[in-house]
$ cat upload31.txt   # compact mmCIF, C-alpha atoms
# COMPACT_ATOMS: atom_id res chain seq x y z
CA MET A 5 20.65 -4.93 2.51
CA GLU A 6 20.72 -8.51 3.76
CA LEU A 7 17.71 -10.34 5.12
CA SER A 8 17.79 -12.18 8.40
CA PRO A 9 18.11 -15.96 8.02
CA ARG A 10 14.56 -16.37 9.32
CA VAL A 11 13.07 -13.99 6.76
CA ALA A 12 15.16 -15.40 3.92
CA ALA A 13 14.05 -18.94 4.81
CA ARG A 14 10.40 -17.86 4.95
CA LEU A 15 10.66 -16.26 1.51
CA ALA A 16 12.35 -19.36 0.17
CA ASP A 17 9.31 -21.52 0.87
CA THR A 18 6.43 -19.05 0.90
CA ALA A 19 3.31 -20.08 -0.98
CA GLY A 20 2.81 -16.53 -2.28
CA LEU A 21 3.13 -12.81 -1.68
CA LEU A 22 0.60 -10.12 -0.81
CA ILE A 23 2.13 -6.76 -1.71
CA ASP A 24 0.89 -3.25 -1.05
CA LEU A 25 1.25 -0.78 -3.94
CA ASP A 26 1.71 2.83 -2.82
CA GLY A 27 4.86 3.25 -0.79
CA THR A 28 5.80 -0.41 -1.18
CA LEU A 29 6.10 -1.03 -4.93
CA VAL A 30 6.00 2.60 -6.06
CA ASP A 31 7.27 5.63 -4.17
CA SER A 32 4.00 7.50 -4.57
CA GLU A 33 3.39 8.67 -1.02
CA PRO A 34 5.03 12.08 -1.66
CA LEU A 35 2.69 12.55 -4.64
CA HIS A 36 -0.33 11.60 -2.57
CA ARG A 37 0.63 13.85 0.33
CA GLN A 38 1.13 16.76 -2.05
CA ALA A 39 -2.26 16.12 -3.64
CA TYR A 40 -3.88 16.38 -0.21
CA ARG A 41 -1.94 19.56 0.59
CA ASP A 42 -2.86 21.16 -2.74
CA TYR A 43 -6.52 20.25 -2.40
CA PHE A 44 -6.71 21.54 1.16
CA ALA A 45 -4.92 24.76 0.18
CA ALA A 46 -7.35 25.27 -2.71
CA ARG A 47 -10.18 25.01 -0.20
CA GLY A 48 -8.48 27.59 2.01
CA TRP A 49 -7.77 25.02 4.73
CA ASP A 50 -4.60 25.04 6.81
CA VAL A 51 -4.00 21.36 7.60
CA HIS A 52 -0.87 20.22 9.45
CA ASP A 53 1.32 17.54 7.86
CA ASP A 54 0.72 15.26 10.85
CA VAL A 55 -2.95 15.20 9.87
CA VAL A 56 -2.15 14.59 6.20
CA ARG A 57 -0.09 11.55 7.21
CA GLU A 58 -3.21 10.01 8.78
CA PHE A 59 -4.42 9.24 5.25
CA ALA A 60 -1.39 7.06 4.40
CA GLY A 61 -2.31 3.54 3.39
CA ARG A 62 -6.02 4.12 3.94
CA ARG A 63 -9.05 4.92 1.80
CA ALA A 64 -9.70 8.64 2.03
CA VAL A 65 -13.44 8.07 1.89
CA GLU A 66 -13.15 6.24 5.22
CA VAL A 67 -10.71 8.68 6.81
CA PHE A 68 -12.55 11.95 6.18
CA PRO A 69 -15.62 11.02 8.30
CA VAL A 70 -13.56 10.01 11.36
CA LEU A 71 -10.70 12.52 11.29
CA ASP A 72 -11.30 15.97 12.75
CA GLY A 73 -10.70 18.76 10.27
CA PRO A 74 -12.28 21.63 8.35
CA TRP A 75 -14.05 19.07 6.15
CA THR A 76 -16.35 17.94 8.99
CA GLY A 77 -19.89 17.52 7.72
CA GLU A 78 -18.92 17.41 4.03
CA ASP A 79 -19.54 14.48 1.71
CA PRO A 80 -16.52 12.14 1.99
CA ASP A 81 -17.03 10.90 -1.58
CA ALA A 82 -16.87 14.44 -2.94
CA LEU A 83 -13.82 15.21 -0.81
CA THR A 84 -12.06 12.08 -2.01
CA GLN A 85 -12.86 12.88 -5.63
CA GLY A 86 -11.44 16.36 -5.14
CA VAL A 87 -8.12 14.90 -3.98
CA LEU A 88 -8.11 12.37 -6.83
CA ASP A 89 -8.71 15.14 -9.36
CA VAL A 90 -5.63 16.94 -8.05
CA LEU A 91 -3.62 13.72 -8.12
CA ALA A 92 -4.66 13.06 -11.73
CA ARG A 93 -3.00 16.32 -12.73
CA ALA A 94 0.39 15.24 -11.36
CA SER A 95 2.99 15.80 -14.04
CA ALA A 96 5.16 12.75 -13.35
CA PRO A 97 4.31 9.13 -12.58
CA PRO A 98 5.58 7.65 -9.32
CA GLU A 99 9.04 6.09 -9.31
CA ALA A 100 9.52 2.44 -8.50
CA VAL A 101 10.82 1.48 -5.08
CA ALA A 102 14.28 -0.07 -5.51
CA GLY A 103 13.91 -3.76 -6.32
CA ALA A 104 10.18 -3.61 -7.02
CA ALA A 105 10.27 -4.44 -10.72
CA GLU A 106 12.91 -7.10 -10.10
CA LEU A 107 10.85 -8.68 -7.32
CA LEU A 108 7.72 -8.94 -9.46
CA ALA A 109 9.69 -10.28 -12.43
CA ALA A 110 11.37 -12.85 -10.19
CA CYS A 111 8.00 -13.97 -8.84
CA VAL A 112 6.64 -14.43 -12.36
CA ARG A 113 9.71 -16.47 -13.40
CA ALA A 114 9.64 -18.60 -10.24
CA GLU A 115 5.86 -19.00 -10.46
CA VAL A 116 5.38 -17.48 -7.02
CA PRO A 117 1.76 -16.25 -6.87
CA VAL A 118 1.39 -12.53 -6.15
CA CYS A 119 -1.61 -10.39 -5.28
CA VAL A 120 -1.20 -6.62 -5.07
CA VAL A 121 -3.44 -5.41 -2.24
CA THR A 122 -4.01 -1.66 -2.44
CA SER A 123 -6.25 1.03 -0.98
CA ALA A 124 -6.08 2.79 -4.35
CA ARG A 125 -8.67 2.57 -7.07
CA LEU A 126 -8.22 0.45 -10.18
CA SER A 127 -7.71 3.55 -12.33
CA TRP A 128 -4.52 4.35 -10.34
CA ALA A 129 -3.30 0.80 -9.71
CA LEU A 130 -3.22 -0.46 -13.30
CA PRO A 131 -1.01 2.33 -14.71
CA ALA A 132 1.28 2.08 -11.69
CA LEU A 133 1.79 -1.64 -12.30
CA ASP A 134 2.24 -1.02 -16.02
CA GLY A 135 5.10 1.30 -15.08
CA LEU A 136 6.77 -1.59 -13.27
CA GLY A 137 6.68 -3.70 -16.41
CA VAL A 138 4.16 -6.16 -15.03
CA PRO A 139 2.16 -7.86 -17.80
CA ARG A 140 -1.52 -7.50 -17.07
CA GLY A 141 -2.81 -10.73 -15.64
CA ALA A 142 0.60 -11.78 -14.29
CA VAL A 143 -0.41 -10.79 -10.76
CA ARG A 144 -3.77 -10.68 -9.01
CA LEU A 145 -5.10 -7.34 -7.82
CA VAL A 146 -7.35 -6.25 -4.95
CA THR A 147 -8.29 -2.56 -5.09
CA ALA A 148 -10.53 -0.17 -3.18
CA GLU A 149 -13.49 -1.16 -5.35
CA ASP A 150 -13.20 -4.79 -4.25
CA CYS A 151 -13.59 -4.19 -0.52
CA THR A 152 -16.41 -3.03 1.71
CA HIS A 153 -13.88 -2.00 4.36
CA GLY A 154 -10.37 -0.71 3.71
CA LYS A 155 -7.14 -0.98 5.67
CA PRO A 156 -6.61 -1.27 8.66
CA ASP A 157 -9.59 -3.64 8.46
CA PRO A 158 -8.35 -7.16 7.58
CA GLU A 159 -10.72 -7.46 4.61
CA PRO A 160 -8.25 -6.33 1.89
CA PHE A 161 -5.61 -8.92 2.80
CA ARG A 162 -8.20 -11.61 3.35
CA ARG A 163 -9.47 -10.93 -0.15
CA GLY A 164 -5.90 -11.03 -1.43
CA ALA A 165 -5.42 -14.50 0.03
CA GLN A 166 -8.75 -15.57 -1.43
CA ALA A 167 -7.70 -14.25 -4.84
CA LEU A 168 -4.66 -16.55 -4.67
CA GLY A 169 -6.71 -19.43 -3.31
CA LEU A 170 -4.28 -19.82 -0.43
CA PRO A 171 -4.55 -19.60 3.38
CA PRO A 172 -3.25 -16.29 4.78
CA ALA A 173 -0.90 -18.11 7.17
CA ALA A 174 1.02 -19.52 4.19
CA LEU A 175 1.70 -16.07 2.73
CA VAL A 176 4.11 -13.16 3.20
CA ALA A 177 2.84 -9.57 3.14
CA LEU A 178 4.87 -6.48 2.27
CA GLU A 179 3.59 -3.13 3.61
CA ASP A 180 4.87 0.38 4.31
CA SER A 181 2.09 1.80 6.48
CA PRO A 182 0.88 0.99 9.99
CA ALA A 183 -2.67 0.68 8.65
CA GLY A 184 -1.59 -1.88 6.08
CA ILE A 185 0.49 -3.83 8.56
CA ALA A 186 -2.47 -4.00 10.94
CA SER A 187 -4.68 -5.21 8.09
CA ALA A 188 -2.27 -7.99 7.14
CA ARG A 189 -1.66 -9.01 10.74
CA ASP A 190 -5.37 -9.20 11.57
CA ALA A 191 -6.01 -11.15 8.37
CA GLY A 192 -3.73 -13.86 9.72
CA VAL A 193 -0.88 -13.44 7.21
CA GLY A 194 2.02 -15.66 8.23
CA LEU A 195 4.84 -13.12 7.90
CA VAL A 196 4.44 -9.35 7.63
CA LEU A 197 7.42 -7.29 6.45
CA GLY A 198 7.49 -3.53 6.86
CA VAL A 199 9.16 -1.48 4.11
CA ARG A 200 10.84 1.67 5.41
CA THR A 201 9.92 4.04 2.59
CA SER A 202 7.74 6.31 4.69
CA GLN A 203 7.99 5.13 8.32
CA PRO A 204 10.93 4.21 10.58
CA ASP A 205 11.58 0.77 12.05
CA ASP A 206 10.03 1.50 15.42
CA VAL A 207 6.71 2.61 13.93
CA LEU A 208 6.49 -0.41 11.61
CA LEU A 209 7.43 -2.87 14.33
CA ALA A 210 5.00 -1.31 16.78
CA ALA A 211 2.25 -1.72 14.18
CA GLY A 212 2.94 -5.45 14.07
CA ALA A 213 5.60 -6.03 11.42
CA ASP A 214 7.72 -9.13 12.03
CA ALA A 215 10.77 -7.48 10.44
CA THR A 216 11.61 -4.50 8.23
CA CYS A 217 13.65 -3.72 5.13
CA GLY A 218 14.70 -0.51 3.43
CA ASP A 219 13.58 -1.52 -0.06
CA LEU A 220 12.80 -4.65 -2.09
CA THR A 221 16.24 -5.41 -3.49
CA ALA A 222 17.13 -8.19 -1.05
CA LEU A 223 13.62 -9.66 -1.34
CA ALA A 224 14.01 -9.85 -5.12
CA ALA A 225 17.35 -11.64 -4.71
CA ALA A 226 15.78 -14.12 -2.27
CA VAL A 227 13.03 -15.01 -4.72
CA ARG A 228 15.52 -15.32 -7.59
CA ALA A 229 17.48 -17.78 -5.46
CA ARG A 230 14.50 -20.12 -5.01
$ encode --input "upload31.txt" --output "structure tokens"
Amino acid sequence: MELSPRVAARLADTAGLLIDLDGTLVDSEPLHRQAYRDYFAARGWDVHDDVVREFAGRRAVEVFPVLDGPWTGEDPDALTQGVLDVLARASAPPEAVAGAAELLAACVRAEVPVCVVTSARLSWALPALDGLGVPRGAVRLVTAEDCTHGKPDPEPFRRGAQALGLPPAALVALEDSPAGIASARDAGVGLVLGVRTSQPDDVLLAAGADATCGDLTALAAAVRAR
């Protein structure tokens, strides 16, 4: 998939990348959705998939208190831990999004600074990045533990820019969820690209993405060409 000349040019001179993890670097959203379904089923709750999708790209501990459901009144931390316990029993690690490992390797070779900005906890993020062949310390990392407020609040991407020591306007963000796109946009990131792993073009563009791509293959090629 080719990039538009505008996007290719922006990648060619970007100061750095801010990259979401789940659904952007690793195709883990199906695993996460199934963990929610299994946890809800174990509690005897019938929860529609449209409701489950409301958790995408966001910290569950912040979603449970504001989303109507059979969990109303329960401790959001305990609910979140219940879902994480189910997720921890998943038999297979998430697969890489096409081009993800190549993009990160290209950034390391070209000395393009990268910060992975995720709503996940460190205990999930580190193994996921290990699976992409990223040497620990090669990229910066902002996780759920680092932020007071999660996506769609701008704090995660602001912290990502701070971790790189660069102004948000000089950076490019890659995101697959409307919540993440809103976070990057409100943080003042210069170019926000939506990745169509879980949402169609119209949803990503309506959330504020400047452009979209199906995977990370063309982005990796653009960085290699720097």
$ closest_residue --input "upload31.txt" --among "A:Pro117, A:Gly192, A:Gly141, A:Pro182" --to "A:Gly20" --atoms "all atoms listed in the file"
A:Pro117
$ residues_around --input "upload31.txt" --residues "A:Phe68" --least-positions-apart "4" --cutoff "8 Å" --atoms "only C-alpha atoms" --output "PyMOL selection string"
chain A and resi 64+72+75-76+80+83
$ atom_distance --input "upload31.txt" --atom1 "atom CA of A:Val199" --atom2 "atom CA of A:Val116"
19.9 Å
$ closest_residue --input "upload31.txt" --among "A:Asp89, A:Glu99, A:Glu106, A:Asp150" --to "A:Leu223" --atoms "all atoms listed in the file"
A:Glu106
$ closest_residue --input "upload31.txt" --among "A:Ala46, A:Leu197, A:Ala229, A:Val65" --to "A:Gln85" --atoms "all atoms listed in the file"
A:Val65
$ axis_aligned_box --input "upload31.txt" --around "stretch 58-70 of chain A" --padding-each-side "6 Å" --output "AutoDock Vina command-line options"
--center_x -8.5 --center_y 7.7 --center_z 6.6 --size_x 26.2 --size_y 20.4 --size_z 21.6
$ residues_around --input "upload31.txt" --residues "A:Ala191" --least-positions-apart "6" --cutoff "7 Å" --atoms "all atoms listed in the file" --output "PDB file with C-alpha atoms, keeping the file's coordinate frame"
ATOM      1  CA  PRO A 158      -8.350  -7.160   7.580  1.00  0.00           C
ATOM      2  CA  PHE A 161      -5.610  -8.920   2.800  1.00  0.00           C
ATOM      3  CA  ARG A 162      -8.200 -11.610   3.350  1.00  0.00           C
ATOM      4  CA  PRO A 172      -3.250 -16.290   4.780  1.00  0.00           C
TER       5      PRO A 172
END
$ atom_distance --input "upload31.txt" --atom1 "atom CA of A:Arg125" --atom2 "atom CA of A:Ala148"
5.1 Å
$ atom_distance --input "upload31.txt" --atom1 "atom CA of A:Ala224" --atom2 "atom CA of A:Asp134"
18.3 Å
$ residues_around --input "upload31.txt" --residues "A:Leu25" --least-positions-apart "6" --cutoff "10 Å" --atoms "only C-alpha atoms" --output "PyMOL selection string"
chain A and resi 31-32+61+100-101+104+120-124+129+132-133+145+147+178-180
$ closest_residue --input "upload31.txt" --among "A:Val11, A:Leu29, A:Leu130, A:Cys119" --to "A:Asp219" --atoms "only C-alpha atoms"
A:Leu29
$ closest_atom_pairs --input "upload31.txt" --of "stretch 18-98 of chain A" --to "stretch 202-206 of chain A" --cutoff "12 Å" --atoms "all atoms listed in the file" --output "Markdown table"
| residue | atom | partner | partner_atom | distance |
| --- | --- | --- | --- | --- |
| A:Asp26 | CA | A:Ser202 | CA | 10.2 |
| A:Gly27 | CA | A:Ser202 | CA | 6.9 |
| A:Thr28 | CA | A:Ser202 | CA | 9.1 |
| A:Val30 | CA | A:Ser202 | CA | 11.5 |
| A:Asp31 | CA | A:Ser202 | CA | 8.9 |
| A:Ser32 | CA | A:Ser202 | CA | 10.1 |
| A:Glu33 | CA | A:Ser202 | CA | 7.6 |
| A:Pro34 | CA | A:Ser202 | CA | 9.0 |
| A:Arg37 | CA | A:Ser202 | CA | 11.2 |
| A:Arg57 | CA | A:Ser202 | CA | 9.8 |
| A:Ala60 | CA | A:Ser202 | CA | 9.2 |
| A:Gly61 | CA | A:Ser202 | CA | 10.5 |
$ closest_residue --input "upload31.txt" --among "A:Gly194, A:Pro139, A:Pro74, A:Gly164" --to "A:Gly48" --atoms "all atoms listed in the file"
A:Pro74
$ residues_near_point --input "upload31.txt" --point "(12.6, -14.9, -8.0)" --cutoff "9 Å" --atoms "only C-alpha atoms" --output "PyMOL selection string"
chain A and resi 106-116+223-230
$ closest_residue --input "upload31.txt" --among "A:His52, A:Arg41, A:Arg140, A:Lys155" --to "A:Leu91" --atoms "only C-alpha atoms"
A:Arg41
$ residues_around --input "upload31.txt" --residues "A:Val193" --least-positions-apart "3" --cutoff "6 Å" --atoms "all atoms listed in the file" --output "ChimeraX atom specification"
/A:172-173,175,188-189
$ decode --input "upload31.txt" --residues "stretch 47-60 of chain A" --atoms "all heavy atoms" --output "PDB file, in the first residue's frame"
ATOM      1  N   ARG A  47     -19.157 -14.165  34.706  1.00  0.00           N
ATOM      2  CA  ARG A  47     -19.957 -13.460  35.707  1.00  0.00           C
ATOM      3  C   ARG A  47     -21.455 -13.626  35.448  1.00  0.00           C
ATOM      4  O   ARG A  47     -22.272 -13.109  36.218  1.00  0.00           O
ATOM      5  CB  ARG A  47     -19.595 -11.960  35.691  1.00  0.00           C
ATOM      6  CG  ARG A  47     -18.166 -11.636  36.099  1.00  0.00           C
ATOM      7  CD  ARG A  47     -17.909 -11.884  37.579  1.00  0.00           C
ATOM      8  NE  ARG A  47     -18.837 -11.194  38.433  1.00  0.00           N
ATOM      9  CZ  ARG A  47     -18.668  -9.953  38.902  1.00  0.00           C
ATOM     10  NH1 ARG A  47     -17.581  -9.267  38.543  1.00  0.00           N
ATOM     11  NH2 ARG A  47     -19.554  -9.406  39.700  1.00  0.00           N
ATOM     12  N   GLY A  48     -21.805 -14.297  34.364  1.00  0.00           N
ATOM     13  CA  GLY A  48     -23.212 -14.473  34.024  1.00  0.00           C
ATOM     14  C   GLY A  48     -23.828 -13.256  33.374  1.00  0.00           C
ATOM     15  O   GLY A  48     -25.063 -13.107  33.372  1.00  0.00           O
ATOM     16  N   TRP A  49     -22.995 -12.406  32.770  1.00  0.00           N
ATOM     17  CA  TRP A  49     -23.465 -11.168  32.165  1.00  0.00           C
ATOM     18  C   TRP A  49     -23.551 -11.314  30.645  1.00  0.00           C
ATOM     19  O   TRP A  49     -22.608 -11.787  30.002  1.00  0.00           O
ATOM     20  CB  TRP A  49     -22.514 -10.012  32.479  1.00  0.00           C
ATOM     21  CG  TRP A  49     -22.418  -9.679  33.945  1.00  0.00           C
ATOM     22  CD1 TRP A  49     -23.306 -10.000  34.933  1.00  0.00           C
ATOM     23  CD2 TRP A  49     -21.353  -8.959  34.579  1.00  0.00           C
ATOM     24  NE1 TRP A  49     -22.880  -9.512  36.138  1.00  0.00           N
ATOM     25  CE2 TRP A  49     -21.682  -8.869  35.956  1.00  0.00           C
ATOM     26  CE3 TRP A  49     -20.174  -8.377  34.149  1.00  0.00           C
ATOM     27  CZ2 TRP A  49     -20.870  -8.229  36.880  1.00  0.00           C
ATOM     28  CZ3 TRP A  49     -19.355  -7.736  35.054  1.00  0.00           C
ATOM     29  CH2 TRP A  49     -19.702  -7.663  36.410  1.00  0.00           C
ATOM     30  N   ASP A  50     -24.636 -10.902  30.081  1.00  0.00           N
ATOM     31  CA  ASP A  50     -24.821 -10.888  28.629  1.00  0.00           C
ATOM     32  C   ASP A  50     -24.535  -9.473  28.135  1.00  0.00           C
ATOM     33  O   ASP A  50     -25.359  -8.572  28.295  1.00  0.00           O
ATOM     34  CB  ASP A  50     -26.250 -11.317  28.271  1.00  0.00           C
ATOM     35  CG  ASP A  50     -26.472 -11.390  26.774  1.00  0.00           C
ATOM     36  OD1 ASP A  50     -25.476 -11.365  26.029  1.00  0.00           O
ATOM     37  OD2 ASP A  50     -27.645 -11.456  26.344  1.00  0.00           O
ATOM     38  N   VAL A  51     -23.361  -9.274  27.563  1.00  0.00           N
ATOM     39  CA  VAL A  51     -22.904  -7.948  27.146  1.00  0.00           C
ATOM     40  C   VAL A  51     -22.715  -7.947  25.636  1.00  0.00           C
ATOM     41  O   VAL A  51     -21.974  -8.761  25.093  1.00  0.00           O
ATOM     42  CB  VAL A  51     -21.579  -7.567  27.846  1.00  0.00           C
ATOM     43  CG1 VAL A  51     -21.119  -6.176  27.395  1.00  0.00           C
ATOM     44  CG2 VAL A  51     -21.756  -7.612  29.363  1.00  0.00           C
ATOM     45  N   HIS A  52     -23.367  -7.028  24.953  1.00  0.00           N
ATOM     46  CA  HIS A  52     -23.316  -6.966  23.491  1.00  0.00           C
ATOM     47  C   HIS A  52     -21.919  -6.555  23.025  1.00  0.00           C
ATOM     48  O   HIS A  52     -21.207  -5.803  23.698  1.00  0.00           O
ATOM     49  CB  HIS A  52     -24.355  -5.967  22.980  1.00  0.00           C
ATOM     50  CG  HIS A  52     -24.635  -6.089  21.520  1.00  0.00           C
ATOM     51  ND1 HIS A  52     -23.840  -5.491  20.555  1.00  0.00           N
ATOM     52  CD2 HIS A  52     -25.612  -6.757  20.849  1.00  0.00           C
ATOM     53  CE1 HIS A  52     -24.311  -5.772  19.355  1.00  0.00           C
ATOM     54  NE2 HIS A  52     -25.384  -6.534  19.498  1.00  0.00           N
ATOM     55  N   ASP A  53     -21.525  -7.035  21.835  1.00  0.00           N
ATOM     56  CA  ASP A  53     -20.210  -6.714  21.300  1.00  0.00           C
ATOM     57  C   ASP A  53     -20.010  -5.215  21.094  1.00  0.00           C
ATOM     58  O   ASP A  53     -18.876  -4.722  21.178  1.00  0.00           O
ATOM     59  CB  ASP A  53     -19.978  -7.445  19.972  1.00  0.00           C
ATOM     60  CG  ASP A  53     -19.474  -8.865  20.173  1.00  0.00           C
ATOM     61  OD1 ASP A  53     -19.198  -9.235  21.331  1.00  0.00           O
ATOM     62  OD2 ASP A  53     -19.357  -9.599  19.170  1.00  0.00           O
ATOM     63  N   ASP A  54     -21.072  -4.477  20.812  1.00  0.00           N
ATOM     64  CA  ASP A  54     -20.940  -3.031  20.664  1.00  0.00           C
ATOM     65  C   ASP A  54     -20.455  -2.383  21.952  1.00  0.00           C
ATOM     66  O   ASP A  54     -19.726  -1.384  21.930  1.00  0.00           O
ATOM     67  CB  ASP A  54     -22.276  -2.411  20.250  1.00  0.00           C
ATOM     68  CG  ASP A  54     -22.627  -2.690  18.796  1.00  0.00           C
ATOM     69  OD1 ASP A  54     -21.715  -3.095  18.048  1.00  0.00           O
ATOM     70  OD2 ASP A  54     -23.794  -2.507  18.419  1.00  0.00           O
ATOM     71  N   VAL A  55     -20.854  -2.955  23.085  1.00  0.00           N
ATOM     72  CA  VAL A  55     -20.406  -2.449  24.380  1.00  0.00           C
ATOM     73  C   VAL A  55     -18.953  -2.845  24.614  1.00  0.00           C
ATOM     74  O   VAL A  55     -18.136  -2.037  25.086  1.00  0.00           O
ATOM     75  CB  VAL A  55     -21.313  -2.974  25.509  1.00  0.00           C
ATOM     76  CG1 VAL A  55     -20.802  -2.500  26.867  1.00  0.00           C
ATOM     77  CG2 VAL A  55     -22.751  -2.526  25.286  1.00  0.00           C
ATOM     78  N   VAL A  56     -18.607  -4.067  24.271  1.00  0.00           N
ATOM     79  CA  VAL A  56     -17.227  -4.533  24.436  1.00  0.00           C
ATOM     80  C   VAL A  56     -16.264  -3.641  23.652  1.00  0.00           C
ATOM     81  O   VAL A  56     -15.161  -3.315  24.122  1.00  0.00           O
ATOM     82  CB  VAL A  56     -17.091  -6.002  23.984  1.00  0.00           C
ATOM     83  CG1 VAL A  56     -15.627  -6.442  24.001  1.00  0.00           C
ATOM     84  CG2 VAL A  56     -17.918  -6.918  24.885  1.00  0.00           C
ATOM     85  N   ARG A  57     -16.685  -3.209  22.465  1.00  0.00           N
ATOM     86  CA  ARG A  57     -15.817  -2.377  21.639  1.00  0.00           C
ATOM     87  C   ARG A  57     -15.554  -1.009  22.261  1.00  0.00           C
ATOM     88  O   ARG A  57     -14.596  -0.329  21.884  1.00  0.00           O
ATOM     89  CB  ARG A  57     -16.423  -2.209  20.246  1.00  0.00           C
ATOM     90  CG  ARG A  57     -16.191  -3.412  19.336  1.00  0.00           C
ATOM     91  CD  ARG A  57     -16.519  -3.062  17.889  1.00  0.00           C
ATOM     92  NE  ARG A  57     -17.956  -3.003  17.665  1.00  0.00           N
ATOM     93  CZ  ARG A  57     -18.691  -4.046  17.293  1.00  0.00           C
ATOM     94  NH1 ARG A  57     -18.133  -5.227  17.111  1.00  0.00           N
ATOM     95  NH2 ARG A  57     -19.995  -3.923  17.091  1.00  0.00           N
ATOM     96  N   GLU A  58     -16.367  -0.599  23.219  1.00  0.00           N
ATOM     97  CA  GLU A  58     -16.147   0.685  23.888  1.00  0.00           C
ATOM     98  C   GLU A  58     -14.853   0.696  24.702  1.00  0.00           C
ATOM     99  O   GLU A  58     -14.338   1.766  25.053  1.00  0.00           O
ATOM    100  CB  GLU A  58     -17.329   1.015  24.806  1.00  0.00           C
ATOM    101  CG  GLU A  58     -18.616   1.332  24.069  1.00  0.00           C
ATOM    102  CD  GLU A  58     -18.520   2.617  23.267  1.00  0.00           C
ATOM    103  OE1 GLU A  58     -17.867   3.571  23.745  1.00  0.00           O
ATOM    104  OE2 GLU A  58     -19.065   2.652  22.159  1.00  0.00           O
ATOM    105  N   PHE A  59     -14.327  -0.490  25.009  1.00  0.00           N
ATOM    106  CA  PHE A  59     -13.094  -0.573  25.795  1.00  0.00           C
ATOM    107  C   PHE A  59     -11.843  -0.421  24.936  1.00  0.00           C
ATOM    108  O   PHE A  59     -10.740  -0.262  25.473  1.00  0.00           O
ATOM    109  CB  PHE A  59     -13.035  -1.916  26.540  1.00  0.00           C
ATOM    110  CG  PHE A  59     -14.031  -2.046  27.652  1.00  0.00           C
ATOM    111  CD1 PHE A  59     -15.318  -2.500  27.406  1.00  0.00           C
ATOM    112  CD2 PHE A  59     -13.690  -1.716  28.957  1.00  0.00           C
ATOM    113  CE1 PHE A  59     -16.252  -2.628  28.431  1.00  0.00           C
ATOM    114  CE2 PHE A  59     -14.608  -1.836  29.993  1.00  0.00           C
ATOM    115  CZ  PHE A  59     -15.892  -2.289  29.733  1.00  0.00           C
ATOM    116  N   ALA A  60     -11.978  -0.488  23.617  1.00  0.00           N
ATOM    117  CA  ALA A  60     -10.818  -0.486  22.721  1.00  0.00           C
ATOM    118  C   ALA A  60      -9.985   0.773  22.880  1.00  0.00           C
ATOM    119  O   ALA A  60     -10.498   1.896  22.817  1.00  0.00           O
ATOM    120  CB  ALA A  60     -11.274  -0.630  21.276  1.00  0.00           C
TER     121      ALA A  60
END
